$ cat query30.cif   # mmCIF, C-alpha atoms
data_input
#
loop_
_atom_site.label_atom_id
_atom_site.label_comp_id
_atom_site.auth_asym_id
_atom_site.auth_seq_id
_atom_site.Cartn_x
_atom_site.Cartn_y
_atom_site.Cartn_z
CA MET A 1 99.29 5.59 160.20
CA ASP A 2 95.96 5.45 158.35
CA LYS A 3 95.54 5.25 154.58
CA GLU A 4 95.03 8.97 153.97
CA THR A 5 98.02 10.00 156.08
CA LEU A 6 100.21 7.46 154.26
CA LEU A 7 98.99 8.66 150.84
CA LEU A 8 99.66 12.28 151.74
CA LYS A 9 103.13 11.42 153.04
CA LEU A 10 103.90 9.41 149.89
CA THR A 11 102.59 12.19 147.64
CA GLU A 12 104.88 14.67 149.41
CA LEU A 13 107.95 12.45 149.19
CA ASP A 14 107.36 11.48 145.56
CA PHE A 15 106.92 15.14 144.65
CA MET A 16 110.22 16.00 146.34
CA ALA A 17 111.89 13.23 144.31
CA VAL A 18 110.31 14.46 141.04
CA ASP A 19 111.39 18.04 141.66
CA LEU A 20 114.90 17.17 142.82
CA GLY A 21 115.24 14.76 139.88
CA LEU A 22 114.55 17.62 137.46
CA TYR A 23 117.13 19.76 139.25
CA LEU A 24 119.69 16.95 138.96
CA ASP A 25 118.97 16.58 135.23
CA THR A 26 120.70 19.93 134.69
CA HIS A 27 123.03 19.77 137.75
CA PRO A 28 124.29 16.17 137.48
CA ASN A 29 127.39 16.64 139.69
CA ASN A 30 125.75 18.15 142.75
CA ALA A 31 126.68 15.62 145.46
CA GLU A 32 124.51 17.30 148.11
CA ALA A 33 121.43 17.07 145.88
CA ILE A 34 122.22 13.42 145.01
CA ALA A 35 122.47 12.49 148.71
CA GLU A 36 119.16 14.24 149.41
CA TYR A 37 117.53 12.57 146.38
CA ASN A 38 118.61 9.12 147.60
CA ARG A 39 117.38 9.87 151.11
CA ILE A 40 113.95 10.88 149.76
CA VAL A 41 113.66 7.84 147.46
CA ARG A 42 114.49 5.50 150.37
CA ALA A 43 111.89 7.19 152.58
CA ALA A 44 109.27 7.11 149.79
CA ASP A 45 109.88 3.39 149.17
CA ALA A 46 109.26 2.65 152.84
CA VAL A 47 105.97 4.61 152.84
CA ARG A 48 104.93 3.06 149.50
CA GLY A 49 105.24 -0.43 151.02
CA LYS A 50 103.16 0.57 154.04
CA TYR A 51 100.49 2.22 151.87
CA GLU A 52 100.15 -0.80 149.59
CA ARG A 53 99.62 -3.07 152.59
CA VAL A 54 96.56 -1.08 153.70
CA ALA A 55 95.25 0.33 150.39
CA GLY A 56 96.18 -2.23 147.74
CA PRO A 57 98.56 -2.06 144.77
CA LEU A 58 99.76 1.34 143.55
CA CYS A 59 101.54 0.44 140.32
CA SER A 60 100.39 -1.36 137.21
CA PHE A 61 102.55 -4.47 136.65
CA ARG A 62 105.00 -3.52 139.42
CA SER A 63 103.05 -4.12 142.62
CA MET A 64 102.43 -7.53 144.21
CA ASN A 65 98.82 -8.70 144.51
CA ARG A 66 98.58 -9.46 148.22
CA CYS A 67 95.26 -11.26 148.06
CA GLU A 68 95.41 -14.90 146.84
CA ASP A 69 92.06 -15.19 145.09
CA LYS A 70 91.11 -11.61 144.23
CA TRP A 71 92.72 -9.29 141.69
CA GLN A 72 93.12 -6.15 143.81
CA TRP A 73 94.04 -3.70 141.01
CA ASP A 74 90.39 -3.36 139.97
CA ASP A 75 89.36 -2.49 143.51
CA CYS A 76 89.38 0.85 145.27
CA PRO A 77 88.41 4.20 143.82
CA TRP A 78 90.62 5.58 141.05
CA PRO A 79 92.56 8.81 141.56
CA TRP A 80 90.14 10.93 139.53
CA SER A 81 87.21 10.06 141.81
CA ARG A 82 86.01 12.56 144.37
CA ASN A 83 87.34 11.68 147.83
CA PHE A 84 90.07 9.36 146.50
CA ASN A 85 92.68 11.34 148.32
CA PHE A 86 90.72 11.87 151.48
CA LYS A 87 88.25 9.11 152.28
CA GLU A 88 88.42 5.39 152.97
CA GLY A 89 88.05 3.45 149.76
CA CYS A 90 87.64 -0.30 149.20
CA MET C 1 107.91 2.47 128.89
CA TRP C 2 105.71 4.07 131.48
CA ILE C 3 104.39 2.72 134.77
CA TYR C 4 101.00 3.91 135.98
CA GLU C 5 100.84 4.81 139.65
CA LYS C 6 97.36 4.90 141.16
CA LYS C 7 97.55 8.37 142.71
CA LEU C 8 97.66 12.01 141.63
CA GLU C 9 100.80 14.13 141.72
CA PHE C 10 98.86 16.58 143.91
CA PRO C 11 95.60 15.74 145.76
CA ILE C 12 92.30 16.96 144.29
CA ASN C 13 88.95 16.77 146.07
CA ILE C 14 86.37 19.14 144.60
CA LYS C 15 83.09 19.04 146.50
CA LYS C 16 81.05 21.64 144.59
CA THR C 17 79.68 20.86 141.11
CA ASP C 18 80.30 23.81 138.79
CA PRO C 19 79.89 23.20 135.03
CA LYS C 20 80.77 26.80 134.19
CA LEU C 21 84.14 26.47 135.91
CA ALA C 22 84.62 23.02 134.30
CA LYS C 23 84.28 24.62 130.89
CA LEU C 24 87.01 27.17 131.71
CA MET C 25 89.33 24.48 133.12
CA MET C 26 89.23 22.61 129.80
CA GLU C 27 91.63 25.28 128.49
CA GLN C 28 94.49 23.70 130.44
CA TYR C 29 93.43 20.15 129.56
CA GLY C 30 93.08 20.27 125.76
CA GLY C 31 93.80 23.93 124.93
CA SER C 32 96.70 25.44 122.97
CA ASP C 33 98.94 25.84 126.03
CA GLY C 34 97.42 22.97 128.00
CA GLU C 35 98.97 19.98 129.70
CA LEU C 36 98.15 17.42 127.00
CA GLY C 37 99.96 19.46 124.36
CA ALA C 38 102.89 20.05 126.74
CA GLY C 39 103.43 16.33 127.33
CA LEU C 40 103.13 15.54 123.63
CA ARG C 41 105.51 18.36 122.70
CA TYR C 42 108.35 17.37 125.06
CA LEU C 43 108.05 13.62 124.55
CA SER C 44 108.15 14.14 120.77
CA GLN C 45 111.04 16.61 120.88
CA ARG C 46 113.24 14.43 123.12
CA ASN C 47 114.05 12.15 120.19
CA THR C 48 116.27 14.73 118.50
CA MET C 49 117.51 16.57 121.58
CA ILE C 50 121.28 16.68 122.13
CA THR C 51 123.30 16.49 125.38
CA ALA C 52 122.50 14.06 128.21
CA GLN C 53 121.02 16.88 130.30
CA GLY C 54 118.75 18.09 127.49
CA LYS C 55 117.38 14.61 126.81
CA ALA C 56 116.77 13.88 130.51
CA THR C 57 115.03 17.24 131.00
CA LEU C 58 112.63 16.73 128.07
CA ASN C 59 111.93 13.13 129.08
CA ASP C 60 111.25 13.94 132.72
CA ILE C 61 109.27 17.16 132.25
CA GLY C 62 107.27 15.41 129.49
CA THR C 63 106.49 12.62 131.94
CA GLU C 64 105.43 15.10 134.63
CA GLU C 65 103.11 16.76 132.09
CA LEU C 66 101.27 13.46 131.71
CA ALA C 67 100.58 13.58 135.46
CA HIS C 68 99.38 17.18 135.01
CA THR C 69 97.09 16.10 132.17
CA GLU C 70 95.59 13.61 134.62
CA MET C 71 95.14 16.39 137.19
CA MET C 72 93.35 18.71 134.74
CA ALA C 73 91.07 15.88 133.58
CA THR C 74 90.32 15.16 137.24
CA ILE C 75 89.42 18.81 137.91
CA VAL C 76 87.07 18.88 134.88
CA HIS C 77 85.51 15.52 135.82
CA GLN C 78 84.89 16.43 139.46
CA LEU C 79 83.42 19.84 138.54
CA LEU C 80 81.02 18.16 136.08
CA GLN C 81 79.98 15.35 138.39
CA GLY C 82 76.30 15.56 139.32
CA ALA C 83 75.54 18.59 137.12
CA THR C 84 71.80 19.23 136.71
CA LYS C 85 69.94 20.21 133.55
CA GLU C 86 69.42 23.71 134.95
CA GLN C 87 73.12 24.10 135.76
CA ILE C 88 74.13 22.88 132.30
CA MET C 89 71.74 25.26 130.52
CA ALA C 90 72.72 28.23 132.72
CA SER C 91 76.48 27.65 132.48
CA GLY C 92 76.87 27.59 128.71
CA LEU C 93 77.97 23.97 128.85
CA ASP C 94 74.89 22.94 126.85
CA THR C 95 76.73 23.00 123.53
CA TYR C 96 79.42 20.72 125.01
CA TYR C 97 76.84 18.47 126.66
CA VAL C 98 74.99 17.65 123.43
CA ASN C 99 78.23 16.20 122.02
CA HIS C 100 80.06 14.79 125.07
CA GLY C 101 77.52 14.52 127.87
CA LEU C 102 79.44 14.79 131.14
CA GLY C 103 82.43 13.01 129.59
CA VAL C 104 85.90 14.54 129.65
CA PHE C 105 86.92 15.49 126.09
CA PRO C 106 90.25 17.17 125.20
CA CYS C 107 89.20 20.60 123.97
CA ASN C 108 89.74 24.20 125.00
CA ALA C 109 87.36 26.46 126.95
CA ALA C 110 85.67 27.48 123.68
CA GLY C 111 85.06 23.82 122.79
CA ASP C 112 87.63 23.53 119.98
CA PRO C 113 88.98 19.95 119.89
CA PHE C 114 92.63 19.41 120.80
CA THR C 115 94.99 19.42 117.83
CA ALA C 116 98.71 18.61 117.48
CA ALA C 117 98.89 21.81 115.39
CA TYR C 118 99.20 23.59 118.77
CA ILE C 119 102.72 22.21 119.25
CA GLN C 120 105.99 21.90 117.37
CA SER C 121 108.82 19.42 117.11
CA LYS C 122 111.33 21.10 114.83
CA GLY C 123 114.21 18.62 114.92
CA ASP C 124 116.57 21.34 116.12
CA PRO C 125 117.64 21.39 119.78
CA LEU C 126 117.87 25.16 120.19
CA THR C 127 114.63 25.89 118.33
CA ASP C 128 112.78 23.28 120.39
CA LEU C 129 114.11 24.60 123.71
CA TYR C 130 113.09 28.16 122.83
CA GLU C 131 109.61 26.84 122.06
CA ASP C 132 109.55 24.99 125.38
CA MET C 133 110.46 28.08 127.41
CA ALA C 134 107.75 30.07 125.60
CA ALA C 135 105.28 27.21 126.19
CA GLU C 136 105.92 27.26 129.95
CA LYS C 137 105.45 31.05 130.05
CA LYS C 138 102.19 30.81 128.09
CA ALA C 139 100.85 28.06 130.35
CA LEU C 140 101.81 30.18 133.39
CA LYS C 141 99.71 33.07 132.05
CA THR C 142 96.75 30.77 131.38
CA TYR C 143 96.93 29.59 135.01
CA ASP C 144 97.04 33.24 136.13
CA TYR C 145 93.85 33.92 134.17
CA LEU C 146 92.13 30.76 135.45
CA ILE C 147 93.06 31.68 139.03
CA ASP C 148 91.62 35.20 138.43
CA LEU C 149 88.24 33.65 137.63
CA THR C 150 88.21 30.96 140.35
CA THR C 151 86.99 31.32 143.93
CA ASP C 152 86.52 27.66 144.93
CA PRO C 153 89.49 26.82 147.24
CA ASP C 154 89.32 23.14 146.20
CA VAL C 155 90.09 24.21 142.62
CA LEU C 156 92.54 26.98 143.53
CA LYS C 157 94.89 24.64 145.42
CA PRO C 158 95.75 22.35 142.48
CA LEU C 159 95.77 25.34 140.07
CA ARG C 160 98.39 27.09 142.22
CA PHE C 161 100.46 23.91 142.35
CA LEU C 162 100.35 23.56 138.55
CA ARG C 163 101.18 27.25 138.10
CA GLU C 164 104.30 26.84 140.24
CA ARG C 165 105.42 23.86 138.16
CA GLU C 166 105.43 26.09 135.05
CA ILE C 167 107.95 28.34 136.79
CA VAL C 168 110.22 25.40 137.72
CA HIS C 169 109.99 23.89 134.23
CA PHE C 170 110.85 27.25 132.64
CA GLN C 171 113.96 27.42 134.83
CA ARG C 172 115.04 23.83 133.96
CA PHE C 173 114.54 24.42 130.21
CA GLY C 174 116.60 27.61 130.50
CA GLU C 175 119.41 25.63 132.13
CA ALA C 176 119.16 22.92 129.45
CA LEU C 177 119.31 25.64 126.77
CA ASP C 178 122.45 27.04 128.38
CA ILE C 179 124.06 23.56 128.41
CA VAL C 180 123.12 22.90 124.76
CA ARG C 181 124.40 26.31 123.73
CA GLN C 182 127.76 25.69 125.45
CA HIS C 183 127.94 22.24 123.84
CA LEU C 184 127.49 23.82 120.42
CA ASN C 185 130.02 26.55 121.29
CA GLU C 186 127.42 29.10 120.35
CA ASN C 187 127.93 32.66 121.45
CA CYS C 188 125.13 34.71 122.93
CA VAL C 189 123.87 35.83 119.54
CA PHE C 190 120.16 35.27 119.25
CA ASP C 191 120.21 33.91 115.73
CA MET C 192 121.86 30.52 115.57
CA PRO C 193 121.15 28.34 112.55
CA CYS C 194 121.75 24.64 113.17
CA ASN C 195 121.72 22.38 110.12
CA PRO C 196 120.03 19.02 110.90
CA LEU C 197 122.40 17.26 108.49
CA ARG C 198 125.38 18.62 110.44
CA LYS C 199 126.40 16.51 113.40
CA CYS C 200 125.86 18.55 116.52
#
$ encode --input "query30.cif" --output "structure tokens"
Amino acid sequence: MDKETLLLKLTELDFMAVDLGLYLDTHPNNAEAIAEYNRIVRAADAVRGKYERVAGPLCSFRSMNRCEDKWQWDDCPWPWSRNFNFKEGC
Amino acid sequence: MWIYEKKLEFPINIKKTDPKLAKLMMEQYGGSDGELGAGLRYLSQRNTMITAQGKATLNDIGTEELAHTEMMATIVHQLLQGATKEQIMASGLDTYYVNHGLGVFPCNAAGDPFTAAYIQSKGDPLTDLYEDMAAEKKALKTYDYLIDLTTDPDVLKPLRFLREREIVHFQRFGEALDIVRQHLNENCVFDMPCNPLRKC
């Protein structure tokens, strides 16, 4: 999958986790929702790893720098830039 | 502690520069019912919220509002990008431009700077949750009005997403209110004093 497809997939999965997390905040004993939440988080983690391999680190102080002699965090367009979500960066 | 993730909660890619629309969008960035105030309100109120569910709800919705603040700033920034002198003069953005250039400044559509006086943190769980439900309703109406005046589909998509979040947050705050009310053994009487010096 290319960078944009991975980002879109990750955005979808993370949003599902955010929304289901809010639901669980007020329905903490819903086993069905917990199972679904865990399924989504596992799927999102897998996509996050793939995205970071092609697009660079996603998280401040949580993502590995995969390049030995270049700090990758500074690279790539930032999310507020036009085309960040749709066009090849870096 | 917060972790920054280098992506938006919902994708935004606005291709058409439109300073007039940018000016209107500022209402939901730094206006009275905007996203910045929402995040500040919930993350301040969480400190004195009671019940596990109430605290989690304020913490997590407050956190999501920070992502919405980022989205509104992005909308304003992308609409301003590349604006010409003629566009600025014709759009009414000239009075903003002489102070902020094409920078993104937290103010409302009329140019009034953001102020914490827009929000409350009353130190009382029921009072705060009532405020939060009203805040979500007011933000929903502002999105309705912004959508009324917007035709650009690139702007409408994120606006509709943000509008829907107001509905979900209203529902979650209502559930939290119900839980807090049950915890306090309060009946459905809509006048419930809660003394901050009383342990509740």
$ resolve_selection --input "query30.cif" --expression "the PyMOL selection byres ((chain C) within 10 of (chain A))" --output "MDAnalysis selection string"
chainID C and resid 2:15 52:61 64 70:79 81 165 168:169 171:179
$ write_last_selection --input "query30.cif" --atoms "C-alpha atoms" --output "mmCIF file, in the frame of the given file"
data_model
loop_
_atom_site.group_PDB
_atom_site.id
_atom_site.type_symbol
_atom_site.label_atom_id
_atom_site.label_comp_id
_atom_site.auth_asym_id
_atom_site.auth_seq_id
_atom_site.Cartn_x
_atom_site.Cartn_y
_atom_site.Cartn_z
ATOM 1 C CA TRP C 2 105.710 4.070 131.480
ATOM 2 C CA ILE C 3 104.390 2.720 134.770
ATOM 3 C CA TYR C 4 101.000 3.910 135.980
ATOM 4 C CA GLU C 5 100.840 4.810 139.650
ATOM 5 C CA LYS C 6 97.360 4.900 141.160
ATOM 6 C CA LYS C 7 97.550 8.370 142.710
ATOM 7 C CA LEU C 8 97.660 12.010 141.630
ATOM 8 C CA GLU C 9 100.800 14.130 141.720
ATOM 9 C CA PHE C 10 98.860 16.580 143.910
ATOM 10 C CA PRO C 11 95.600 15.740 145.760
ATOM 11 C CA ILE C 12 92.300 16.960 144.290
ATOM 12 C CA ASN C 13 88.950 16.770 146.070
ATOM 13 C CA ILE C 14 86.370 19.140 144.600
ATOM 14 C CA LYS C 15 83.090 19.040 146.500
ATOM 15 C CA ALA C 52 122.500 14.060 128.210
ATOM 16 C CA GLN C 53 121.020 16.880 130.300
ATOM 17 C CA GLY C 54 118.750 18.090 127.490
ATOM 18 C CA LYS C 55 117.380 14.610 126.810
ATOM 19 C CA ALA C 56 116.770 13.880 130.510
ATOM 20 C CA THR C 57 115.030 17.240 131.000
ATOM 21 C CA LEU C 58 112.630 16.730 128.070
ATOM 22 C CA ASN C 59 111.930 13.130 129.080
ATOM 23 C CA ASP C 60 111.250 13.940 132.720
ATOM 24 C CA ILE C 61 109.270 17.160 132.250
ATOM 25 C CA GLU C 64 105.430 15.100 134.630
ATOM 26 C CA GLU C 70 95.590 13.610 134.620
ATOM 27 C CA MET C 71 95.140 16.390 137.190
ATOM 28 C CA MET C 72 93.350 18.710 134.740
ATOM 29 C CA ALA C 73 91.070 15.880 133.580
ATOM 30 C CA THR C 74 90.320 15.160 137.240
ATOM 31 C CA ILE C 75 89.420 18.810 137.910
ATOM 32 C CA VAL C 76 87.070 18.880 134.880
ATOM 33 C CA HIS C 77 85.510 15.520 135.820
ATOM 34 C CA GLN C 78 84.890 16.430 139.460
ATOM 35 C CA LEU C 79 83.420 19.840 138.540
ATOM 36 C CA GLN C 81 79.980 15.350 138.390
ATOM 37 C CA ARG C 165 105.420 23.860 138.160
ATOM 38 C CA VAL C 168 110.220 25.400 137.720
ATOM 39 C CA HIS C 169 109.990 23.890 134.230
ATOM 40 C CA GLN C 171 113.960 27.420 134.830
ATOM 41 C CA ARG C 172 115.040 23.830 133.960
ATOM 42 C CA PHE C 173 114.540 24.420 130.210
ATOM 43 C CA GLY C 174 116.600 27.610 130.500
ATOM 44 C CA GLU C 175 119.410 25.630 132.130
ATOM 45 C CA ALA C 176 119.160 22.920 129.450
ATOM 46 C CA LEU C 177 119.310 25.640 126.770
ATOM 47 C CA ASP C 178 122.450 27.040 128.380
ATOM 48 C CA ILE C 179 124.060 23.560 128.410
#
$ resolve_selection --input "query30.cif" --expression "the PyMOL selection byres ((chain A and resi 67) around 12)" --output "MDAnalysis selection string"
chainID A and resid 52:57 63:66 68:73 75
$ closest_residue --input "query30.cif" --among "C:Leu159, C:Met49, C:Met89, C:Leu66" --to "C:Leu146" --atoms "all atoms listed in the file"
C:Leu159
$ atom_distance --input "query30.cif" --atom1 "atom CA of C:Asp94" --atom2 "atom CA of C:Leu80"
12.1 Å
$ atom_distance --input "query30.cif" --atom1 "atom CA of C:Ala67" --atom2 "atom CA of C:Leu36"
9.6 Å
$ atom_distance --input "query30.cif" --atom1 "atom CA of C:Tyr96" --atom2 "atom CA of C:Met26"
11.1 Å
$ resolve_selection --input "query30.cif" --expression "the PyMOL selection byres ((chain A and resi 43) around 12)" --output "list in words"
Leu6, Lys9, Leu10, Thr11, Glu12, Leu13, Asp14, Met16, Ala17, Glu36, Tyr37, Asn38, Arg39, Ile40, Val41, Arg42, Ala44, Asp45, Ala46, Val47, Arg48, Gly49 and Lys50 of chain A
$ write_last_selection --input "query30.cif" --atoms "C-alpha atoms" --output "tab-separated table (two decimals), in the frame of the given file"
chain	number	residue	atom	x	y	z
A	6	LEU	CA	100.21	7.46	154.26
A	9	LYS	CA	103.13	11.42	153.04
A	10	LEU	CA	103.90	9.41	149.89
A	11	THR	CA	102.59	12.19	147.64
A	12	GLU	CA	104.88	14.67	149.41
A	13	LEU	CA	107.95	12.45	149.19
A	14	ASP	CA	107.36	11.48	145.56
A	16	MET	CA	110.22	16.00	146.34
A	17	ALA	CA	111.89	13.23	144.31
A	36	GLU	CA	119.16	14.24	149.41
A	37	TYR	CA	117.53	12.57	146.38
A	38	ASN	CA	118.61	9.12	147.60
A	39	ARG	CA	117.38	9.87	151.11
A	40	ILE	CA	113.95	10.88	149.76
A	41	VAL	CA	113.66	7.84	147.46
A	42	ARG	CA	114.49	5.50	150.37
A	44	ALA	CA	109.27	7.11	149.79
A	45	ASP	CA	109.88	3.39	149.17
A	46	ALA	CA	109.26	2.65	152.84
A	47	VAL	CA	105.97	4.61	152.84
A	48	ARG	CA	104.93	3.06	149.50
A	49	GLY	CA	105.24	-0.43	151.02
A	50	LYS	CA	103.16	0.57	154.04
$ decode --input "query30.cif" --residues "stretch 133-153 of chain C" --atoms "N, CA and C atoms" --output "short mmCIF file (atom, residue, chain, number, x, y, z; two decimals), in the first residue's frame"
data_model
loop_
_atom_site.label_atom_id
_atom_site.label_comp_id
_atom_site.auth_asym_id
_atom_site.auth_seq_id
_atom_site.Cartn_x
_atom_site.Cartn_y
_atom_site.Cartn_z
N MET C 133 -22.82 20.33 28.11
CA MET C 133 -23.87 19.95 27.16
C MET C 133 -24.33 21.17 26.37
N ALA C 134 -24.47 22.32 27.07
CA ALA C 134 -24.86 23.55 26.38
C ALA C 134 -23.77 23.95 25.38
N ALA C 135 -22.50 23.78 25.77
CA ALA C 135 -21.38 24.16 24.89
C ALA C 135 -21.41 23.35 23.60
N GLU C 136 -21.70 22.04 23.71
CA GLU C 136 -21.74 21.19 22.51
C GLU C 136 -22.90 21.61 21.60
N LYS C 137 -24.03 21.96 22.20
CA LYS C 137 -25.19 22.41 21.41
C LYS C 137 -24.87 23.73 20.69
N LYS C 138 -24.19 24.64 21.41
CA LYS C 138 -23.88 25.93 20.80
C LYS C 138 -22.87 25.77 19.65
N ALA C 139 -21.88 24.89 19.86
CA ALA C 139 -20.91 24.65 18.79
C ALA C 139 -21.59 24.02 17.58
N LEU C 140 -22.55 23.12 17.84
CA LEU C 140 -23.31 22.48 16.76
C LEU C 140 -24.02 23.55 15.92
N LYS C 141 -24.65 24.53 16.58
CA LYS C 141 -25.35 25.58 15.84
C LYS C 141 -24.37 26.42 15.03
N THR C 142 -23.20 26.72 15.63
CA THR C 142 -22.21 27.50 14.87
C THR C 142 -21.80 26.74 13.61
N TYR C 143 -21.59 25.42 13.73
CA TYR C 143 -21.26 24.64 12.53
C TYR C 143 -22.41 24.68 11.51
N ASP C 144 -23.65 24.62 11.99
CA ASP C 144 -24.79 24.74 11.07
C ASP C 144 -24.68 26.04 10.27
N TYR C 145 -24.42 27.14 10.99
CA TYR C 145 -24.37 28.45 10.33
C TYR C 145 -23.18 28.54 9.37
N LEU C 146 -22.03 27.97 9.77
CA LEU C 146 -20.86 27.99 8.88
C LEU C 146 -21.13 27.16 7.62
N ILE C 147 -21.80 26.02 7.81
CA ILE C 147 -22.13 25.16 6.66
C ILE C 147 -23.11 25.90 5.72
N ASP C 148 -24.06 26.66 6.31
CA ASP C 148 -25.00 27.46 5.50
C ASP C 148 -24.26 28.39 4.53
N LEU C 149 -23.14 28.94 4.98
CA LEU C 149 -22.43 29.96 4.21
C LEU C 149 -21.27 29.42 3.39
N THR C 150 -21.10 28.08 3.38
CA THR C 150 -19.96 27.47 2.69
C THR C 150 -20.41 26.67 1.48
N THR C 151 -19.72 26.85 0.35
CA THR C 151 -20.02 26.01 -0.82
C THR C 151 -18.84 25.13 -1.21
N ASP C 152 -17.62 25.50 -0.79
CA ASP C 152 -16.43 24.73 -1.15
C ASP C 152 -16.47 23.34 -0.52
N PRO C 153 -16.54 22.26 -1.35
CA PRO C 153 -16.65 20.91 -0.79
C PRO C 153 -15.44 20.52 0.08
#
